[in-house]
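First comes the structure, then the notes that go with it.
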Amino acid sequence: MTKADLANDLGAFVSEHGTEEAGKVLSRMLLGLAHVAGASEIQFDDEMGSVKITPTVINAAKKH
């Protein structure tokens, strides 16, 4: 899968489910990336802006 494929799939998801639901899914994914990295905080920056992710500790039953 390419970045363009992922962007197209995300766009289709937003169209079908709305921005709020897409935001929830993307937030969980970014929090998962922080968890996998073992980071207390991660930040992504590019020409479009920046996103800062600060995960909280959750119990295992709520991770999925």
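By order of appearance in the structure tokens: chains A, B, ..., then residues from 1 within every chain, and ligands from 1 in the order shown.
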Among the residues of region 6-63 of chain A, find those DSSP assigns to helix (DSSP H, G or I) from the backbone and print them as number ranges by chain. A: 6-17, 19-37, 60-62
Interatomic distance (Å, one decimal) between CA of Ile42 (chain A) and CA of Pro55 (chain A): 8.9 Å
Ser27 (chain A) surroundings by only C-alpha atoms, 12 Å radius, close-in-sequence under 6 positions cut, as a ChimeraX atom specification: /A:19-21,33-34,51-55
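Distance annotation: of A:Thr56, A:Gln43, A:Ser15, A:Asp5, the residue with the minimal separation from Arg28 (chain A) is A:Thr56; atom set is only C-alpha atoms.
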Expected answer as a PyMOL selection string: strand (DSSP E) residues in chain A: chain A and resi 42-46+49-53
Keeping only all heavy atoms, write the selected residues to a file as a PDB file, in the first residue's frame.
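again-v5.pdb was written with the following content:
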```pdb
ATOM      1  N   ILE A  42       4.796  12.099  21.401  1.00  0.00           N
ATOM      2  CA  ILE A  42       5.369  12.162  20.059  1.00  0.00           C
ATOM      3  C   ILE A  42       4.739  13.337  19.331  1.00  0.00           C
ATOM      4  O   ILE A  42       3.626  13.743  19.623  1.00  0.00           O
ATOM      5  CB  ILE A  42       5.176  10.846  19.249  1.00  0.00           C
ATOM      6  CG1 ILE A  42       3.699  10.459  19.147  1.00  0.00           C
ATOM      7  CG2 ILE A  42       5.996   9.717  19.830  1.00  0.00           C
ATOM      8  CD1 ILE A  42       3.434   9.249  18.261  1.00  0.00           C
ATOM      9  N   GLN A  43       5.491  13.882  18.386  1.00  0.00           N
ATOM     10  CA  GLN A  43       4.986  15.015  17.620  1.00  0.00           C
ATOM     11  C   GLN A  43       5.348  14.809  16.157  1.00  0.00           C
ATOM     12  O   GLN A  43       6.449  14.385  15.829  1.00  0.00           O
ATOM     13  CB  GLN A  43       5.583  16.331  18.136  1.00  0.00           C
ATOM     14  CG  GLN A  43       4.998  17.532  17.422  1.00  0.00           C
ATOM     15  CD  GLN A  43       5.291  18.836  18.142  1.00  0.00           C
ATOM     16  OE1 GLN A  43       5.478  18.858  19.345  1.00  0.00           O
ATOM     17  NE2 GLN A  43       5.323  19.914  17.393  1.00  0.00           N
ATOM     18  N   PHE A  44       4.385  15.115  15.286  1.00  0.00           N
ATOM     19  CA  PHE A  44       4.577  15.038  13.845  1.00  0.00           C
ATOM     20  C   PHE A  44       4.422  16.444  13.286  1.00  0.00           C
ATOM     21  O   PHE A  44       3.455  17.135  13.577  1.00  0.00           O
ATOM     22  CB  PHE A  44       3.534  14.112  13.200  1.00  0.00           C
ATOM     23  CG  PHE A  44       3.558  12.710  13.742  1.00  0.00           C
ATOM     24  CD1 PHE A  44       2.667  12.321  14.741  1.00  0.00           C
ATOM     25  CD2 PHE A  44       4.462  11.781  13.259  1.00  0.00           C
ATOM     26  CE1 PHE A  44       2.688  11.037  15.242  1.00  0.00           C
ATOM     27  CE2 PHE A  44       4.487  10.491  13.760  1.00  0.00           C
ATOM     28  CZ  PHE A  44       3.596  10.122  14.753  1.00  0.00           C
ATOM     29  N   ASP A  45       5.389  16.872  12.483  1.00  0.00           N
ATOM     30  CA  ASP A  45       5.364  18.204  11.885  1.00  0.00           C
ATOM     31  C   ASP A  45       5.577  18.097  10.384  1.00  0.00           C
ATOM     32  O   ASP A  45       6.390  17.290   9.929  1.00  0.00           O
ATOM     33  CB  ASP A  45       6.490  19.084  12.449  1.00  0.00           C
ATOM     34  CG  ASP A  45       6.387  19.274  13.946  1.00  0.00           C
ATOM     35  OD1 ASP A  45       5.410  19.899  14.378  1.00  0.00           O
ATOM     36  OD2 ASP A  45       7.279  18.789  14.668  1.00  0.00           O
ATOM     37  N   ASP A  46       4.841  18.888   9.630  1.00  0.00           N
ATOM     38  CA  ASP A  46       5.108  19.053   8.206  1.00  0.00           C
ATOM     39  C   ASP A  46       4.589  20.413   7.771  1.00  0.00           C
ATOM     40  O   ASP A  46       4.182  21.219   8.606  1.00  0.00           O
ATOM     41  CB  ASP A  46       4.542  17.901   7.364  1.00  0.00           C
ATOM     42  CG  ASP A  46       3.024  17.879   7.261  1.00  0.00           C
ATOM     43  OD1 ASP A  46       2.359  18.841   7.677  1.00  0.00           O
ATOM     44  OD2 ASP A  46       2.500  16.891   6.743  1.00  0.00           O
ATOM     45  N   GLY A  49       1.121  21.560   9.138  1.00  0.00           N
ATOM     46  CA  GLY A  49       0.906  21.830  10.556  1.00  0.00           C
ATOM     47  C   GLY A  49       1.610  20.798  11.416  1.00  0.00           C
ATOM     48  O   GLY A  49       2.542  20.137  10.979  1.00  0.00           O
ATOM     49  N   SER A  50       1.137  20.669  12.651  1.00  0.00           N
ATOM     50  CA  SER A  50       1.743  19.697  13.560  1.00  0.00           C
ATOM     51  C   SER A  50       0.670  19.038  14.421  1.00  0.00           C
ATOM     52  O   SER A  50      -0.414  19.592  14.617  1.00  0.00           O
ATOM     53  CB  SER A  50       2.794  20.359  14.446  1.00  0.00           C
ATOM     54  OG  SER A  50       2.204  21.300  15.301  1.00  0.00           O
ATOM     55  N   VAL A  51       1.001  17.854  14.886  1.00  0.00           N
ATOM     56  CA  VAL A  51       0.123  17.094  15.764  1.00  0.00           C
ATOM     57  C   VAL A  51       0.984  16.567  16.900  1.00  0.00           C
ATOM     58  O   VAL A  51       2.027  15.956  16.672  1.00  0.00           O
ATOM     59  CB  VAL A  51      -0.537  15.903  15.025  1.00  0.00           C
ATOM     60  CG1 VAL A  51      -1.367  15.062  15.975  1.00  0.00           C
ATOM     61  CG2 VAL A  51      -1.363  16.380  13.854  1.00  0.00           C
ATOM     62  N   LYS A  52       0.548  16.823  18.126  1.00  0.00           N
ATOM     63  CA  LYS A  52       1.259  16.347  19.309  1.00  0.00           C
ATOM     64  C   LYS A  52       0.398  15.290  19.994  1.00  0.00           C
ATOM     65  O   LYS A  52      -0.777  15.529  20.264  1.00  0.00           O
ATOM     66  CB  LYS A  52       1.524  17.515  20.257  1.00  0.00           C
ATOM     67  CG  LYS A  52       2.346  17.175  21.450  1.00  0.00           C
ATOM     68  CD  LYS A  52       2.599  18.460  22.241  1.00  0.00           C
ATOM     69  CE  LYS A  52       3.492  18.243  23.409  1.00  0.00           C
ATOM     70  NZ  LYS A  52       3.719  19.509  24.130  1.00  0.00           N
ATOM     71  N   ILE A  53       0.983  14.130  20.260  1.00  0.00           N
ATOM     72  CA  ILE A  53       0.278  13.008  20.856  1.00  0.00           C
ATOM     73  C   ILE A  53       0.846  12.764  22.243  1.00  0.00           C
ATOM     74  O   ILE A  53       2.051  12.565  22.397  1.00  0.00           O
ATOM     75  CB  ILE A  53       0.448  11.724  20.002  1.00  0.00           C
ATOM     76  CG1 ILE A  53       0.087  11.971  18.540  1.00  0.00           C
ATOM     77  CG2 ILE A  53      -0.345  10.568  20.600  1.00  0.00           C
ATOM     78  CD1 ILE A  53      -1.304  12.456  18.304  1.00  0.00           C
TER      79      ILE A  53
END
```
